[in-house]
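Asker: The following file, my_file18.pdb, comprises PDB, C-alpha atoms and all ligand atoms:
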```pdb
ATOM      1  CA  MET A 100       0.000   0.000   0.000  1.00  0.00           C
ATOM      2  CA  GLU A 101       1.275   3.455  -0.844  1.00  0.00           C
ATOM      3  CA  GLN A 102       2.085   5.691   2.124  1.00  0.00           C
ATOM      4  CA  GLN A 103      -0.241   8.670   2.225  1.00  0.00           C
ATOM      5  CA  GLU A 104       1.189  12.138   2.779  1.00  0.00           C
ATOM      6  CA  ILE A 105      -0.579  15.192   4.104  1.00  0.00           C
ATOM      7  CA  ALA A 106       0.578  18.791   3.946  1.00  0.00           C
ATOM      8  CA  LEU A 107       0.350  21.051   7.006  1.00  0.00           C
ATOM      9  CA  GLY A 108      -0.081  24.794   6.581  1.00  0.00           C
ATOM     10  CA  PRO A 109       2.182  27.426   8.144  1.00  0.00           C
ATOM     11  CA  ALA A 110       1.749  27.610  11.931  1.00  0.00           C
ATOM     12  CA  THR A 111       0.111  30.946  12.679  1.00  0.00           C
ATOM     13  CA  PRO A 112      -0.219  32.333  16.213  1.00  0.00           C
ATOM     14  CA  GLU A 113      -3.978  31.738  15.816  1.00  0.00           C
ATOM     15  CA  ASP A 114      -3.365  28.040  15.029  1.00  0.00           C
ATOM     16  CA  PHE A 115      -1.113  27.774  18.071  1.00  0.00           C
ATOM     17  CA  ARG A 116      -3.754  29.286  20.342  1.00  0.00           C
ATOM     18  CA  ALA A 117      -6.592  27.300  18.726  1.00  0.00           C
ATOM     19  CA  ALA A 118      -4.710  24.005  19.161  1.00  0.00           C
ATOM     20  CA  PHE A 119      -4.202  24.613  22.872  1.00  0.00           C
ATOM     21  CA  ARG A 120      -7.776  25.809  23.391  1.00  0.00           C
ATOM     22  CA  ARG A 121      -8.694  22.234  22.392  1.00  0.00           C
ATOM     23  CA  HIS A 122      -6.043  20.655  24.577  1.00  0.00           C
ATOM     24  CA  PRO A 123      -7.492  20.519  28.117  1.00  0.00           C
ATOM     25  CA  ALA A 124      -5.221  20.789  31.114  1.00  0.00           C
ATOM     26  CA  GLY A 125      -5.445  20.448  34.883  1.00  0.00           C
ATOM     27  CA  VAL A 126      -5.320  23.685  36.848  1.00  0.00           C
ATOM     28  CA  VAL A 127      -2.844  24.462  39.634  1.00  0.00           C
ATOM     29  CA  VAL A 128      -1.797  27.528  41.581  1.00  0.00           C
ATOM     30  CA  VAL A 129       1.952  27.890  42.106  1.00  0.00           C
ATOM     31  CA  THR A 130       2.909  29.645  45.348  1.00  0.00           C
ATOM     32  CA  ALA A 131       6.280  30.753  46.675  1.00  0.00           C
ATOM     33  CA  ASP A 132       7.954  33.313  48.928  1.00  0.00           C
ATOM     34  CA  ALA A 133      11.440  34.561  48.177  1.00  0.00           C
ATOM     35  CA  GLY A 134      11.463  36.745  51.287  1.00  0.00           C
ATOM     36  CA  ALA A 135       9.225  39.603  50.141  1.00  0.00           C
ATOM     37  CA  GLY A 136       5.897  37.964  51.016  1.00  0.00           C
ATOM     38  CA  PRO A 137       3.745  35.307  49.347  1.00  0.00           C
ATOM     39  CA  ALA A 138       3.352  35.296  45.553  1.00  0.00           C
ATOM     40  CA  GLY A 139       1.395  32.987  43.304  1.00  0.00           C
ATOM     41  CA  LEU A 140      -0.280  32.462  39.967  1.00  0.00           C
ATOM     42  CA  THR A 141      -2.693  30.124  38.236  1.00  0.00           C
ATOM     43  CA  ALA A 142      -1.007  27.752  35.787  1.00  0.00           C
ATOM     44  CA  THR A 143      -1.903  24.898  33.441  1.00  0.00           C
ATOM     45  CA  SER A 144       1.670  24.249  32.299  1.00  0.00           C
ATOM     46  CA  LEU A 145       2.442  21.667  35.003  1.00  0.00           C
ATOM     47  CA  VAL A 146       4.144  18.565  33.602  1.00  0.00           C
ATOM     48  CA  SER A 147       5.206  15.429  35.416  1.00  0.00           C
ATOM     49  CA  VAL A 148       8.761  15.077  34.059  1.00  0.00           C
ATOM     50  CA  SER A 149      10.519  12.313  35.987  1.00  0.00           C
ATOM     51  CA  LEU A 150       9.500   9.618  38.474  1.00  0.00           C
ATOM     52  CA  ASP A 151      12.929   8.861  39.921  1.00  0.00           C
ATOM     53  CA  PRO A 152      13.675  11.384  41.198  1.00  0.00           C
ATOM     54  CA  PRO A 153      10.157  12.892  41.165  1.00  0.00           C
ATOM     55  CA  MET A 154      10.435  16.080  39.086  1.00  0.00           C
ATOM     56  CA  VAL A 155       7.909  18.513  37.651  1.00  0.00           C
ATOM     57  CA  SER A 156       8.170  21.438  35.283  1.00  0.00           C
ATOM     58  CA  LEU A 157       6.150  24.626  34.906  1.00  0.00           C
ATOM     59  CA  ALA A 158       6.358  27.277  32.206  1.00  0.00           C
ATOM     60  CA  ILE A 159       6.118  30.745  33.745  1.00  0.00           C
ATOM     61  CA  ALA A 160       5.867  33.947  31.699  1.00  0.00           C
ATOM     62  CA  GLU A 161       8.750  36.308  32.348  1.00  0.00           C
ATOM     63  CA  SER A 162       6.120  39.069  32.429  1.00  0.00           C
ATOM     64  CA  ALA A 163       4.076  37.394  35.203  1.00  0.00           C
ATOM     65  CA  SER A 164       3.864  39.490  38.366  1.00  0.00           C
ATOM     66  CA  ALA A 165       4.776  36.368  40.373  1.00  0.00           C
ATOM     67  CA  TRP A 166       7.921  35.729  38.308  1.00  0.00           C
ATOM     68  CA  PRO A 167      10.306  37.919  40.379  1.00  0.00           C
ATOM     69  CA  ALA A 168       9.423  35.810  43.447  1.00  0.00           C
ATOM     70  CA  LEU A 169       9.544  32.493  41.585  1.00  0.00           C
ATOM     71  CA  SER A 170      12.828  33.414  39.914  1.00  0.00           C
ATOM     72  CA  ARG A 171      14.471  33.767  43.329  1.00  0.00           C
ATOM     73  CA  ALA A 172      12.655  31.241  45.521  1.00  0.00           C
ATOM     74  CA  GLY A 173      14.574  28.085  46.358  1.00  0.00           C
ATOM     75  CA  SER A 174      11.311  26.178  46.683  1.00  0.00           C
ATOM     76  CA  PHE A 175       7.645  26.440  45.705  1.00  0.00           C
ATOM     77  CA  VAL A 176       4.324  24.697  46.183  1.00  0.00           C
ATOM     78  CA  VAL A 177       2.130  23.289  43.412  1.00  0.00           C
ATOM     79  CA  ASN A 178      -1.445  23.564  44.711  1.00  0.00           C
ATOM     80  CA  LEU A 179      -3.542  21.170  42.591  1.00  0.00           C
ATOM     81  CA  LEU A 180      -7.094  22.499  42.418  1.00  0.00           C
ATOM     82  CA  GLY A 181     -10.288  20.460  42.639  1.00  0.00           C
ATOM     83  CA  GLN A 182     -13.414  21.094  40.599  1.00  0.00           C
ATOM     84  CA  ASP A 183     -15.112  22.727  43.605  1.00  0.00           C
ATOM     85  CA  HIS A 184     -12.759  25.740  43.498  1.00  0.00           C
ATOM     86  CA  PRO A 185     -12.802  27.376  40.042  1.00  0.00           C
ATOM     87  CA  GLU A 186     -12.991  30.775  41.779  1.00  0.00           C
ATOM     88  CA  LEU A 187      -9.504  30.182  43.241  1.00  0.00           C
ATOM     89  CA  ALA A 188      -8.124  29.685  39.734  1.00  0.00           C
ATOM     90  CA  GLN A 189      -9.833  32.878  38.596  1.00  0.00           C
ATOM     91  CA  HIS A 190      -8.570  34.776  41.642  1.00  0.00           C
ATOM     92  CA  PHE A 191      -4.929  33.753  41.123  1.00  0.00           C
ATOM     93  CA  ALA A 192      -5.124  34.863  37.489  1.00  0.00           C
ATOM     94  CA  THR A 193      -6.572  38.304  38.335  1.00  0.00           C
ATOM     95  CA  ARG A 194      -4.222  41.233  37.825  1.00  0.00           C
ATOM     96  CA  GLY A 195      -3.541  43.981  40.317  1.00  0.00           C
ATOM     97  CA  ILE A 196      -5.098  42.428  43.441  1.00  0.00           C
ATOM     98  CA  ASP A 197      -3.581  41.068  46.637  1.00  0.00           C
ATOM     99  CA  ARG A 198      -4.177  37.400  45.843  1.00  0.00           C
ATOM    100  CA  PHE A 199      -3.417  36.337  49.429  1.00  0.00           C
ATOM    101  CA  ALA A 200      -5.865  38.728  51.131  1.00  0.00           C
ATOM    102  CA  PRO A 201      -9.206  37.298  52.366  1.00  0.00           C
ATOM    103  CA  PRO A 202     -11.175  35.397  51.129  1.00  0.00           C
ATOM    104  CA  THR A 203      -8.040  33.409  50.151  1.00  0.00           C
ATOM    105  CA  ARG A 204      -7.372  30.795  52.846  1.00  0.00           C
ATOM    106  CA  TRP A 205      -3.652  30.100  53.004  1.00  0.00           C
ATOM    107  CA  VAL A 206      -1.136  28.710  55.438  1.00  0.00           C
ATOM    108  CA  ARG A 207       2.600  28.245  55.628  1.00  0.00           C
ATOM    109  CA  LEU A 208       4.161  24.817  55.398  1.00  0.00           C
ATOM    110  CA  THR A 209       6.591  24.001  58.191  1.00  0.00           C
ATOM    111  CA  THR A 210       9.286  24.612  55.558  1.00  0.00           C
ATOM    112  CA  GLY A 211       8.022  28.205  55.092  1.00  0.00           C
ATOM    113  CA  GLU A 212       6.297  28.156  51.694  1.00  0.00           C
ATOM    114  CA  PRO A 213       2.769  29.569  51.350  1.00  0.00           C
ATOM    115  CA  ALA A 214       0.103  26.980  50.425  1.00  0.00           C
ATOM    116  CA  LEU A 215      -3.622  27.286  49.660  1.00  0.00           C
ATOM    117  CA  LEU A 216      -5.892  25.612  52.213  1.00  0.00           C
ATOM    118  CA  ASP A 217      -8.597  24.946  49.614  1.00  0.00           C
ATOM    119  CA  ALA A 218      -6.352  23.077  47.185  1.00  0.00           C
ATOM    120  CA  ALA A 219      -7.094  19.368  46.735  1.00  0.00           C
ATOM    121  CA  SER A 220      -3.445  18.295  46.845  1.00  0.00           C
ATOM    122  CA  TRP A 221      -0.028  19.828  47.385  1.00  0.00           C
ATOM    123  CA  LEU A 222       3.427  19.148  46.002  1.00  0.00           C
ATOM    124  CA  ARG A 223       6.311  20.907  47.731  1.00  0.00           C
ATOM    125  CA  CYS A 224       9.174  21.343  45.280  1.00  0.00           C
ATOM    126  CA  ALA A 225      12.803  22.359  45.619  1.00  0.00           C
ATOM    127  CA  THR A 226      13.754  24.523  42.656  1.00  0.00           C
ATOM    128  CA  ASP A 227      16.246  22.603  40.539  1.00  0.00           C
ATOM    129  CA  GLU A 228      16.762  24.613  37.350  1.00  0.00           C
ATOM    130  CA  ARG A 229      15.300  27.548  35.473  1.00  0.00           C
ATOM    131  CA  VAL A 230      15.654  27.504  31.693  1.00  0.00           C
ATOM    132  CA  ARG A 231      14.668  30.440  29.517  1.00  0.00           C
ATOM    133  CA  VAL A 232      12.413  29.305  26.641  1.00  0.00           C
ATOM    134  CA  GLY A 233      11.102  32.097  24.409  1.00  0.00           C
ATOM    135  CA  ASP A 234       9.091  34.522  26.539  1.00  0.00           C
ATOM    136  CA  HIS A 235       8.706  31.973  29.366  1.00  0.00           C
ATOM    137  CA  TRP A 236      10.932  30.264  31.915  1.00  0.00           C
ATOM    138  CA  LEU A 237      10.772  26.528  32.333  1.00  0.00           C
ATOM    139  CA  VAL A 238      11.079  25.920  36.061  1.00  0.00           C
ATOM    140  CA  LEU A 239      12.136  22.425  37.099  1.00  0.00           C
ATOM    141  CA  GLY A 240      11.320  21.352  40.624  1.00  0.00           C
ATOM    142  CA  ARG A 241      12.159  18.245  42.614  1.00  0.00           C
ATOM    143  CA  VAL A 242       9.143  17.076  44.613  1.00  0.00           C
ATOM    144  CA  THR A 243      10.320  16.728  48.216  1.00  0.00           C
ATOM    145  CA  ALA A 244       6.987  16.510  50.064  1.00  0.00           C
ATOM    146  CA  ALA A 245       3.350  15.924  49.177  1.00  0.00           C
ATOM    147  CA  ARG A 246      -0.157  15.652  50.529  1.00  0.00           C
ATOM    148  CA  VAL A 247      -2.603  14.158  48.061  1.00  0.00           C
ATOM    149  CA  ASP A 248      -6.385  13.727  48.184  1.00  0.00           C
ATOM    150  CA  PRO A 249      -6.911  10.630  46.022  1.00  0.00           C
ATOM    151  CA  GLU A 250     -10.687  11.240  45.929  1.00  0.00           C
ATOM    152  CA  ALA A 251     -10.636  14.831  44.668  1.00  0.00           C
ATOM    153  CA  ALA A 252     -12.141  15.484  41.237  1.00  0.00           C
ATOM    154  CA  PRO A 253      -9.763  17.727  39.272  1.00  0.00           C
ATOM    155  CA  LEU A 254     -10.380  21.206  37.923  1.00  0.00           C
ATOM    156  CA  VAL A 255      -9.772  21.274  34.179  1.00  0.00           C
ATOM    157  CA  TYR A 256      -9.352  24.261  31.836  1.00  0.00           C
ATOM    158  CA  HIS A 257     -10.672  23.792  28.322  1.00  0.00           C
ATOM    159  CA  ASP A 258     -11.641  26.308  25.635  1.00  0.00           C
ATOM    160  CA  ARG A 259     -11.363  29.233  28.079  1.00  0.00           C
ATOM    161  CA  ARG A 260     -13.744  27.644  30.617  1.00  0.00           C
ATOM    162  CA  TYR A 261     -13.366  25.577  33.776  1.00  0.00           C
ATOM    163  CA  HIS A 262     -14.721  22.030  33.856  1.00  0.00           C
ATOM    164  CA  GLY A 263     -15.016  19.101  36.248  1.00  0.00           C
ATOM    165  CA  LEU A 264     -14.149  15.509  35.399  1.00  0.00           C
ATOM    166  CA  GLY A 265     -15.775  12.419  36.857  1.00  0.00           C
ATOM    167  CA  GLU A 266     -17.358   9.038  36.190  1.00  0.00           C
ATOM    168  CA  HIS A 267     -19.928  10.690  33.900  1.00  0.00           C
ATOM    169  CA  THR A 268     -17.172  11.870  31.526  1.00  0.00           C
ATOM    170  CA  ALA A 269     -15.154   8.622  31.528  1.00  0.00           C
ATOM    171  CA  LEU A 270     -15.058   6.674  28.247  1.00  0.00           C
ATOM    172  CA  GLU A 271     -14.834   2.889  28.030  1.00  0.00           C
ATOM    173  CA  VAL A 272     -12.164   1.490  25.700  1.00  0.00           C
TER     174      VAL A 272
HETATM  175  C1  LIG B   1      -6.298  28.670  33.332  1.00  0.00           C
HETATM  176  C2  LIG B   1      -5.071  29.544  33.323  1.00  0.00           C
HETATM  177  C3  LIG B   1      -3.825  28.956  33.129  1.00  0.00           C
HETATM  178  C4  LIG B   1      -2.655  29.722  33.142  1.00  0.00           C
HETATM  179  N1  LIG B   1      -1.449  29.106  32.984  1.00  0.00           N
HETATM  180  C5  LIG B   1      -0.315  29.835  33.039  1.00  0.00           C
HETATM  181  C6  LIG B   1       0.961  29.209  32.956  1.00  0.00           C
HETATM  182  O1  LIG B   1       1.076  27.974  32.846  1.00  0.00           O
HETATM  183  N2  LIG B   1       2.071  29.996  33.005  1.00  0.00           N
HETATM  184  C7  LIG B   1       1.989  31.358  33.146  1.00  0.00           C
HETATM  185  O2  LIG B   1       3.018  32.026  33.191  1.00  0.00           O
HETATM  186  N3  LIG B   1       0.783  31.979  33.237  1.00  0.00           N
HETATM  187  C8  LIG B   1      -0.360  31.251  33.203  1.00  0.00           C
HETATM  188  N4  LIG B   1      -1.578  31.865  33.338  1.00  0.00           N
HETATM  189  C9  LIG B   1      -1.630  33.307  33.515  1.00  0.00           C
HETATM  190  C10 LIG B   1      -1.229  33.702  34.930  1.00  0.00           C
HETATM  191  O3  LIG B   1      -2.162  33.233  35.878  1.00  0.00           O
HETATM  192  C11 LIG B   1      -1.039  35.219  34.893  1.00  0.00           C
HETATM  193  O4  LIG B   1       0.039  35.559  35.673  1.00  0.00           O
HETATM  194  C12 LIG B   1      -2.215  36.089  35.272  1.00  0.00           C
HETATM  195  O5  LIG B   1      -3.338  35.788  34.514  1.00  0.00           O
HETATM  196  C13 LIG B   1      -1.933  37.557  35.047  1.00  0.00           C
HETATM  197  O6  LIG B   1      -1.527  38.121  36.215  1.00  0.00           O
HETATM  198  P1  LIG B   1      -0.228  39.036  36.332  1.00  0.00           P
HETATM  199  O7  LIG B   1      -0.322  40.122  35.297  1.00  0.00           O
HETATM  200  O8  LIG B   1      -0.328  39.570  37.729  1.00  0.00           O
HETATM  201  O9  LIG B   1       0.950  38.164  36.094  1.00  0.00           O
HETATM  202  C14 LIG B   1      -2.753  31.127  33.324  1.00  0.00           C
HETATM  203  C15 LIG B   1      -4.014  31.717  33.509  1.00  0.00           C
HETATM  204  C16 LIG B   1      -5.149  30.937  33.513  1.00  0.00           C
HETATM  205  C17 LIG B   1      -6.494  31.593  33.739  1.00  0.00           C
END
```
Starting from the file, give its structure as structure tokens.
Ligand SMILES: Cc1cc2nc3c(=O)[nH]c(=O)nc-3n(C[C@H](O)[C@H](O)[C@H](O)COP(=O)(O)O)c2cc1C
Answerer:
Amino acid sequence: MEQQEIALGPATPEDFRAAFRRHPAGVVVVTADAGAGPAGLTATSLVSVSLDPPMVSLAIAESASAWPALSRAGSFVVNLLGQDHPELAQHFATRGIDRFAPPTRWVRLTTGEPALLDAASWLRCATDERVRVGDHWLVLGRVTAARVDPEAAPLVYHDRRYHGLGEHTALEV
């Protein structure tokens, strides 16, 4: 049988954005304190990179208001959000507000990092490397501590809206 070929068009910025609008992702809030007070932002760029040792990566915009803190902090917390807290995701993506003022419920880990009380799970990470990639920084973190709610239904971002996932959305294969 003859191998079929298909031609792709040039990749426009619109294509890039459209592709990722249709690529759902779990929502986290990254929190850290480099000594000037708590900082944090909503992110969907979390990737599980390595199991041994456990490593994650996040892509953080150099222009993000939380970047100065994250660029200096030796550790950070990945707060994995559940589907019952879309407002937290919205709050930590809102510009020009004090994201840690009430109604945000946050605590400090015994190791000093700020963490969100209403997150479903937490990963405490020691910053390993920061690599500049285009207009973002890829931050690699080694997961040194965790508290995970295995029952929590995740918060998912898809096509500019928040969604929940559960048994009703599971497909049989
Ligand atoms: C669902 C969602 C996912 C986001 N993911 C990222 C991300 O992975 N990396 C990033 O740098 N910004 C991400 N952002 C944007 C940050 O939250 C951003 O800092 C914020 O919207 C703007 O606030 P700032 O101007 O104070 O930085 C995301 C926003 C939303 C709503």
Asker: So, with all atoms listed in the file as the atoms that count, which of A:Ala252, A:Leu150, A:Glu161, A:Leu187 lies closest to His267 of chain A?
Answerer: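 Closest to His267 of chain A of all the choices is A:Ala252.
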Asker: Please enumerate the residues selected by the PyMOL selection byres (((chain A and resi 198) around 12) and not hetatm) when evaluated against the supplied file, formatted as an MDAnalysis selection string.
Answerer: chainID A and resid 128:130 136:141 164:165 186:197 199:205 213 215
Asker: Could you work out an axis-aligned box for ligand LIG 1 (chain B), taking every atom the file lists and adding 4 Å on each side, and report centre and edge lengths in Å to one decimal, as lines of an AutoDock Vina configuration file?
Answerer:
```
center_x = -1.7
center_y = 34.0
center_z = 35.3
size_x = 17.5
size_y = 20.1
size_z = 12.9
```
Asker: Can you list what the PyMOL selection byres (((chain A and resi 253) around 7) and not hetatm) grabs from this structure, as a ChimeraX atom specification?
Answerer: /A:125,180-182,251-252,254-255,263-264
Asker: Take the residues that were just selected and, keeping C-alpha atoms, output them as a compact mmCIF listing (two decimals), in the frame of the given file.
Answerer:
```
# COMPACT_ATOMS: atom_id res chain seq x y z
CA GLY A 125 -5.44 20.45 34.88
CA LEU A 180 -7.09 22.50 42.42
CA GLY A 181 -10.29 20.46 42.64
CA GLN A 182 -13.41 21.09 40.60
CA ALA A 251 -10.64 14.83 44.67
CA ALA A 252 -12.14 15.48 41.24
CA LEU A 254 -10.38 21.21 37.92
CA VAL A 255 -9.77 21.27 34.18
CA GLY A 263 -15.02 19.10 36.25
CA LEU A 264 -14.15 15.51 35.40
```
Asker: For Val247 of chain A, find every residue with an atom within 8 Å (counting only C-alpha atoms), except residues of its own chain fewer than 3 positions away, and show them as a ChimeraX atom specification.
Answerer: /A:219-221
Asker: Can those selected residues be exported to a file as a PDB file, in the frame of the given file so that it contains C-alpha atoms?
Answerer:
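In the end it all went to again_36.pdb:
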```pdb
ATOM      1  CA  ALA A 219      -7.094  19.368  46.735  1.00  0.00           C
ATOM      2  CA  SER A 220      -3.445  18.295  46.845  1.00  0.00           C
ATOM      3  CA  TRP A 221      -0.028  19.828  47.385  1.00  0.00           C
TER       4      TRP A 221
END
```
Asker: What's the separation between atom CA of His262 of chain A and atom CA of Leu179 of chain A, in Å to one decimal place?
Answerer: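 Computing it gives 14.2 Å between the two atoms.
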Asker: Could you check how far atom CA of Asp151 of chain A sits from atom CA of Arg246 of chain A, in Å to one decimal?
Answerer: 18.2 Å
Asker: Once the PyMOL selection byres (((chain A and resi 240) around 10) and not hetatm) has been evaluated on this model, what residues remain selected, and can you format them as a PyMOL selection string?
Answerer: chain A and resi 147-148+153-157+173-177+222-229+237-239+241-243
Asker: Can you work out the spacing between atom CA of Val232 of chain A and atom CA of Pro123 of chain A in Å, to one decimal?
Answerer: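 Atom CA of Pro123 of chain A lies at a distance of 21.8 Å from atom CA of Val232 of chain A.
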Asker: Which of these residues is nearest to Pro167 of chain A, using only C-alpha atoms: A:Asp258, A:Glu250, A:Asp183, A:Asp132?
Answerer: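 Among the listed residues, A:Asp132 lies closest to Pro167 of chain A.
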Asker: Report as number ranges by chain all protein, DNA and RNA residues lying within 9 Å of Ala160 of chain A, evaluated on only C-alpha atoms, omitting residues in the same chain fewer than 3 positions from it.
Answerer: A: 163-164, 166, 234-237
Asker: For Thr210 of chain A, which of A:Asp248, A:Ala131, A:Pro152, A:Arg260 is the closest residue, counting only C-alpha atoms?
Answerer: A:Ala131
Asker: Considering all atoms listed in the file, state which residue in the set A:Ile159, A:Ala133, A:Val230, A:Ala244 is at the smallest distance from ligand LIG 1 (chain B).
Answerer: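 Checking each candidate against ligand LIG 1 (chain B), we get A:Ile159 as the closest.
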Asker: Can you work out which one of A:Val272, A:Ala110, A:Met100, A:Leu145 has the shortest atom-to-atom distance to Val127 of chain A, counting only C-alpha atoms?
Answerer: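 Ranked by minimum distance to Val127 of chain A, first place goes to A:Leu145.
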Asker: For ligand LIG 1 (chain B), which residue among A:Ala142, A:Arg259, A:Gly233, A:Val206 is the nearest when counting only C-alpha atoms and all ligand atoms?
Answerer: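 Looking only at the distances to ligand LIG 1 (chain B), the closest residue turns out to be A:Ala142.
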